[in-house]
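Source file: coords.txt (compact mmCIF, C-alpha atoms)
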```
# COMPACT_ATOMS: atom_id res chain seq x y z
CA MET A 8 4.26 34.35 24.78
CA LYS A 9 2.30 31.30 23.65
CA HIS A 10 2.44 28.16 25.77
CA TYR A 11 1.42 24.54 25.28
CA LEU A 12 0.24 21.95 27.79
CA GLY A 13 1.05 18.24 27.62
CA ILE A 14 -0.62 15.66 29.86
CA ASP A 15 0.40 12.03 30.33
CA ILE A 16 -1.80 9.51 32.15
CA GLY A 17 0.20 6.47 33.21
CA THR A 18 -0.49 3.58 35.55
CA SER A 19 1.06 5.29 38.57
CA GLY A 20 0.25 8.93 38.01
CA CYS A 21 -0.87 11.92 35.96
CA ARG A 22 1.88 14.25 34.77
CA SER A 23 1.50 17.64 33.15
CA CYS A 24 4.05 19.95 31.59
CA VAL A 25 3.82 23.45 30.15
CA ILE A 26 6.33 24.48 27.49
CA ASP A 27 6.82 27.70 25.57
CA ALA A 28 7.12 28.13 21.80
CA ASN A 29 10.83 27.24 22.04
CA ALA A 30 10.04 23.96 23.85
CA ALA A 31 11.49 25.26 27.12
CA ILE A 32 9.79 23.67 30.14
CA LYS A 33 8.07 26.25 32.34
CA VAL A 34 6.44 24.01 34.97
CA GLU A 35 5.80 20.30 35.63
CA ILE A 36 3.28 18.71 38.01
CA ARG A 37 2.80 15.06 39.00
CA THR A 38 -0.26 13.60 40.74
CA ALA A 39 -0.27 10.00 41.97
CA LEU A 40 -2.82 7.43 40.86
CA PRO A 41 -3.79 4.34 42.88
CA ALA A 42 -2.91 0.99 41.38
CA PRO A 43 -5.61 -0.72 39.26
CA GLN A 44 -7.58 -3.61 40.76
CA ARG A 45 -6.03 -6.98 39.86
CA SER A 46 -7.31 -10.54 40.01
CA GLY A 47 -5.59 -13.06 37.76
CA ASN A 48 -5.99 -11.88 34.15
CA LEU A 49 -8.37 -9.10 35.25
CA VAL A 50 -6.89 -5.60 35.58
CA GLU A 51 -9.45 -2.80 35.84
CA GLN A 52 -9.98 0.70 37.18
CA ALA A 53 -12.84 3.17 37.55
CA PRO A 54 -12.39 5.93 34.93
CA GLU A 55 -13.46 8.58 37.45
CA ILE A 56 -10.19 7.91 39.27
CA TRP A 57 -8.31 9.21 36.21
CA TRP A 58 -10.52 12.29 36.01
CA ALA A 59 -10.01 13.05 39.70
CA ALA A 60 -6.22 12.83 39.26
CA LEU A 61 -6.29 14.94 36.09
CA THR A 62 -8.38 17.72 37.61
CA ALA A 63 -6.32 17.74 40.81
CA ASN A 64 -3.17 17.97 38.72
CA LEU A 65 -4.45 20.90 36.67
CA ASP A 66 -5.82 22.63 39.77
CA GLN A 67 -2.29 22.61 41.18
CA LEU A 68 -0.80 23.60 37.83
CA ALA A 69 -3.10 26.60 37.59
CA ASN A 70 -1.99 27.70 41.07
CA GLU A 71 1.66 27.61 40.04
CA PHE A 72 1.54 28.99 36.49
CA PRO A 73 -0.88 31.32 34.67
CA LEU A 74 -2.60 29.18 32.03
CA LYS A 75 -4.28 31.99 30.09
CA SER A 76 -1.51 31.86 27.47
CA VAL A 77 -1.94 28.12 26.77
CA GLU A 78 -2.84 27.79 23.09
CA ALA A 79 -3.45 24.04 23.02
CA LEU A 80 -3.26 20.93 25.13
CA ALA A 81 -2.53 17.33 24.20
CA LEU A 82 -3.07 14.21 26.29
CA ASP A 83 -1.99 10.61 26.03
CA GLY A 84 -2.95 7.54 28.03
CA THR A 85 -2.20 3.84 28.27
CA SER A 86 -2.70 2.12 24.93
CA ALA A 87 -5.60 -0.37 24.71
CA THR A 88 -7.19 0.67 28.01
CA LEU A 89 -10.88 0.57 27.05
CA LEU A 90 -14.29 1.42 28.50
CA CYS A 91 -17.89 1.72 27.32
CA CYS A 92 -19.97 4.79 28.14
CA ASP A 93 -23.38 6.28 27.44
CA ALA A 94 -24.09 9.16 25.06
CA GLY A 95 -23.08 11.72 27.68
CA GLY A 96 -19.77 10.04 28.46
CA THR A 97 -20.79 8.35 31.72
CA PRO A 98 -18.83 5.08 32.13
CA LEU A 99 -21.04 1.99 32.35
CA SER A 100 -18.46 -0.24 34.05
CA PRO A 101 -14.83 -0.18 35.13
CA ALA A 102 -12.32 0.23 32.30
CA LEU A 103 -10.28 -2.78 31.23
CA MET A 104 -6.66 -1.70 31.59
CA TYR A 105 -4.04 -2.08 28.87
CA ASN A 106 -2.69 -5.31 30.41
CA ASP A 107 -6.08 -6.89 31.16
CA ALA A 108 -6.14 -10.28 29.41
CA ARG A 109 -9.51 -11.74 30.42
CA ALA A 110 -10.95 -11.67 26.87
CA ILE A 111 -9.43 -14.99 25.80
CA GLU A 112 -12.54 -16.37 24.07
CA GLN A 113 -13.16 -13.03 22.37
CA SER A 114 -9.55 -12.95 21.19
CA ALA A 115 -10.14 -16.27 19.43
CA GLN A 116 -13.15 -14.72 17.69
CA VAL A 117 -10.98 -11.85 16.50
CA ASP A 118 -8.28 -14.21 15.25
CA GLY A 119 -10.91 -15.95 13.14
CA VAL A 120 -11.74 -12.86 11.09
CA THR A 121 -8.68 -10.60 11.11
CA PRO A 122 -5.74 -10.60 8.73
CA THR A 123 -2.53 -12.04 10.14
CA GLY A 124 -0.36 -9.44 11.79
CA THR A 125 -3.06 -6.92 12.64
CA ALA A 126 -2.57 -4.98 15.88
CA ALA A 127 -6.15 -5.85 16.90
CA ARG A 128 -5.20 -9.45 17.75
CA GLY A 129 -4.65 -10.67 21.30
CA ALA A 130 -6.63 -10.76 24.54
CA SER A 131 -5.14 -7.45 25.67
CA ALA A 132 -5.99 -5.61 22.44
CA SER A 133 -8.92 -3.18 22.44
CA LEU A 134 -11.05 -5.23 20.05
CA ALA A 135 -11.23 -8.36 22.21
CA LYS A 136 -11.92 -6.16 25.22
CA LEU A 137 -14.81 -4.48 23.42
CA LEU A 138 -16.33 -7.85 22.56
CA TRP A 139 -16.09 -8.82 26.23
CA LEU A 140 -17.55 -5.54 27.46
CA ILE A 141 -20.62 -5.55 25.20
CA GLN A 142 -21.52 -9.00 26.51
CA GLN A 143 -21.86 -7.58 30.04
CA PRO A 144 -25.36 -6.47 31.16
CA ALA A 145 -24.08 -3.08 32.32
CA CYS A 146 -22.83 -2.25 28.83
CA LYS A 147 -25.91 -3.30 26.83
CA SER A 148 -26.90 0.36 26.45
CA ALA A 149 -23.42 1.57 25.52
CA GLN A 150 -23.21 4.35 22.94
CA HIS A 151 -19.42 4.76 22.77
CA ALA A 152 -16.37 2.52 23.03
CA MET A 153 -13.52 4.73 24.17
CA HIS A 154 -9.87 4.42 25.09
CA GLN A 155 -8.50 6.12 28.19
CA ALA A 156 -7.19 9.15 26.28
CA ASP A 157 -10.38 9.35 24.16
CA TRP A 158 -12.57 9.56 27.27
CA LEU A 159 -10.43 12.10 29.10
CA LEU A 160 -10.15 14.32 26.03
CA GLY A 161 -13.91 13.98 25.62
CA ARG A 162 -14.46 15.29 29.13
CA LEU A 163 -12.13 18.20 28.51
CA ALA A 164 -13.81 19.11 25.22
CA GLY A 165 -17.37 18.17 26.19
CA ARG A 166 -17.83 15.79 23.26
CA PHE A 167 -17.41 12.02 22.95
CA GLY A 168 -17.05 9.42 20.23
CA ILE A 169 -13.69 10.53 18.82
CA SER A 170 -10.38 8.66 18.80
CA ASP A 171 -7.07 9.00 17.00
CA GLU A 172 -5.33 6.60 14.65
CA ASN A 173 -2.79 5.47 17.23
CA ASN A 174 -5.39 4.44 19.83
CA ALA A 175 -7.81 3.02 17.25
CA LEU A 176 -5.17 0.71 15.78
CA LYS A 177 -5.75 -1.99 18.43
CA LEU A 178 -9.50 -1.65 17.95
CA GLY A 179 -9.08 -2.76 14.34
CA TYR A 180 -8.84 0.58 12.52
CA ASP A 181 -7.17 0.45 9.09
CA VAL A 182 -4.65 3.31 9.17
CA VAL A 183 -3.49 2.64 5.62
CA ASN A 184 -6.93 3.22 4.11
CA SER A 185 -8.20 5.50 6.90
CA CYS A 186 -11.34 3.49 7.62
CA TRP A 187 -12.87 0.74 9.72
CA PRO A 188 -12.23 -2.48 7.77
CA ALA A 189 -14.99 -4.59 6.21
CA TRP A 190 -14.05 -7.65 8.27
CA LEU A 191 -15.35 -5.94 11.44
CA ALA A 192 -18.87 -6.68 10.16
CA LYS A 193 -18.20 -10.36 10.97
CA LEU A 194 -18.13 -9.51 14.69
CA ASP A 195 -21.18 -8.64 16.76
CA ILE A 196 -20.27 -4.97 17.21
CA ALA A 197 -22.69 -2.15 16.38
CA PRO A 198 -20.87 0.25 14.00
CA SER A 199 -22.27 3.17 16.01
CA LEU A 200 -20.13 2.10 18.99
CA LEU A 201 -16.94 2.72 17.06
CA PRO A 202 -15.42 6.20 17.32
CA ASP A 203 -14.80 8.67 14.55
CA VAL A 204 -11.06 8.52 13.96
CA VAL A 205 -8.79 11.49 13.30
CA PRO A 206 -5.01 11.72 12.83
CA ALA A 207 -2.97 12.03 16.03
CA GLY A 208 -2.66 15.69 16.99
CA TYR A 209 -5.78 16.76 15.09
CA PRO A 210 -7.86 19.34 17.01
CA ILE A 211 -11.13 17.82 18.25
CA GLY A 212 -12.55 20.95 19.85
CA THR A 213 -11.87 23.50 22.58
CA LEU A 214 -11.85 23.37 26.35
CA THR A 215 -15.32 23.63 27.92
CA LYS A 216 -16.37 26.97 29.41
CA ASP A 217 -16.55 25.58 32.94
CA LEU A 218 -13.03 24.19 32.77
CA CYS A 219 -11.70 27.40 31.21
CA LYS A 220 -13.09 29.29 34.20
CA ARG A 221 -11.75 26.74 36.69
CA TRP A 222 -8.18 26.90 35.38
CA GLY A 223 -8.08 30.44 34.03
CA MET A 224 -7.61 29.27 30.46
CA SER A 225 -8.80 30.83 27.22
CA PRO A 226 -12.06 29.53 25.67
CA CYS A 227 -10.05 29.22 22.47
CA THR A 228 -7.72 26.61 23.99
CA ARG A 229 -7.56 23.79 21.45
CA ILE A 230 -7.86 20.13 22.49
CA LEU A 231 -5.57 17.83 20.49
```
What would you get if you wrote out this structure as structure tokens?
Amino acid sequence: MKHYLGIDIGTSGCRSCVIDANAAIKVEIRTALPAPQRSGNLVEQAPEIWWAALTANLDQLANEFPLKSVEALALDGTSATLLCCDAGGTPLSPALMYNDARAIEQSAQVDGVTPTGTAARGASASLAKLLWLIQQPACKSAQHAMHQADWLLGRLAGRFGISDENNALKLGYDVVNSCWPAWLAKLDIAPSLLPDVVPAGYPIGTLTKDLCKRWGMSPCTRIL
């Protein structure tokens, strides 16, 4: 029988669930995450903490359920949690969490160029966070701006620079016209930093060979 794996990364833990083709739950695993670092409006966390929790979770899952029959896996994370990384996916600084609101000046910049009502407005939106991050010395060499789910899926698939429409919305993506809007050119953001955007649930690749071996999964396992 075919099975499907869902993974949720929250602020307190990583949860995974395997279901069959009839949506019956076969196994669930939860792995705790430490709380993000907080200081006033600053809320941040090292992305490697998420990866450690995810791999520990799936290690346990693989010990409790044979994953060879998993056809596809999907993963979600906290909306508007953003980081910058190099071409190989290595984070260049801690990630700014979804409720980080330090980018007040950058938010004002965004307000000056965006249409009223866009989801990219606000100090906690991805766009203001990206403007703040690229002003930091550690992120001057950044090649990708990625949300939490984008980065974790990238590690699973071995490719980076891809996001989905839901995550990209708070980065300024125009979901109506399926493109990055022209007004983004008014901000000091290199277009190459912005991810390629696909519809939510669109396959972005398959699980890497090393991870397939680690968890006993098929090399054809699709990453959604």
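With CA of Pro54 (chain A) on one side and CA of Leu90 (chain A) on the other, the separation reads 8.1 Å.
Note that CA of Ala127 (chain A) and CA of Leu178 (chain A) are 5.5 Å apart.
Put simply, CA of Ala108 (chain A) is 27.6 Å away from CA of Pro206 (chain A).
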Taking only residues of region 118-229 of chain A that have an atom at most 12 Å from an atom of region 17-40 of chain A, what is each one's shortest atom pair and its distance in Å to one decimal, using only C-alpha atoms, in chain and number order, as a tab-separated table?
```
residue	atom	partner	partner_atom	distance
A:Gln155	CA	A:Gly17	CA	10.1
A:Ala156	CA	A:Gly17	CA	10.5
A:Leu159	CA	A:Cys21	CA	11.8
```
Compile the contact shell of Leu82 (chain A) as a PyMOL selection string: residues with an atom at most 7 Å away, counting only C-alpha atoms, same-chain residues fewer than 5 positions apart removed. chain A and resi 13-15+156
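Minimum distance to Leu74 (chain A) across A:Gly223, A:Pro202, A:Gly165, A:Pro144 (counting all atoms listed in the file) occurs at A:Gly223.
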Can you list, as a ChimeraX atom specification, every protein, DNA or RNA residue that comes within 10 Å of Val117 (chain A) when you count all atoms listed in the file, leaving out same-chain residues fewer than 5 positions away? /A:111-112,122,127-130,132,134-135,138,179,190-191,193-194
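Minimum atom-to-atom distances from A:Ile196, A:Pro43, A:Asn48, A:Ala207 to Ala110 (chain A) were compared using all atoms listed in the file, and the lowest value belongs to A:Asn48.
Between Ser131 (chain A) and the residues A:Gln67, A:Ser86, A:Thr228, A:Gln150, the shortest atom-to-atom distance, using all atoms listed in the file, involves A:Ser86.
Between Thr121 (chain A) and the candidates A:Ala79, A:Ala192, A:Ala59, A:Leu137, the tightest atom-to-atom separation, counting only C-alpha atoms, involves A:Ala192.
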Could you give me, as number ranges by chain, the residues within 8 Å of Asn174 (chain A), counting all atoms listed in the file and dropping anything in the same chain fewer than 3 positions from it? A: 86-87, 154, 170-171, 177-178
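If all atoms listed in the file are the atoms counted, then among A:Trp222, A:Trp139, A:Phe72, A:Tyr11 the closest residue to Asp195 (chain A) is A:Trp139.
The residue that comes closest to Leu176 (chain A), out of A:Asn70, A:Arg162, A:Cys91, A:Pro188 and on the basis of all atoms listed in the file, is A:Pro188.
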To box region 9-26 of chain A, take all atoms listed in the file, fit an axis-aligned box, add 4 Å on each side, and give centre and edge lengths in Å to one decimal, as AutoDock Vina command-line options.
```
--center_x 2.3 --center_y 17.4 --center_z 31.1 --size_x 16.1 --size_y 35.7 --size_z 22.9
```
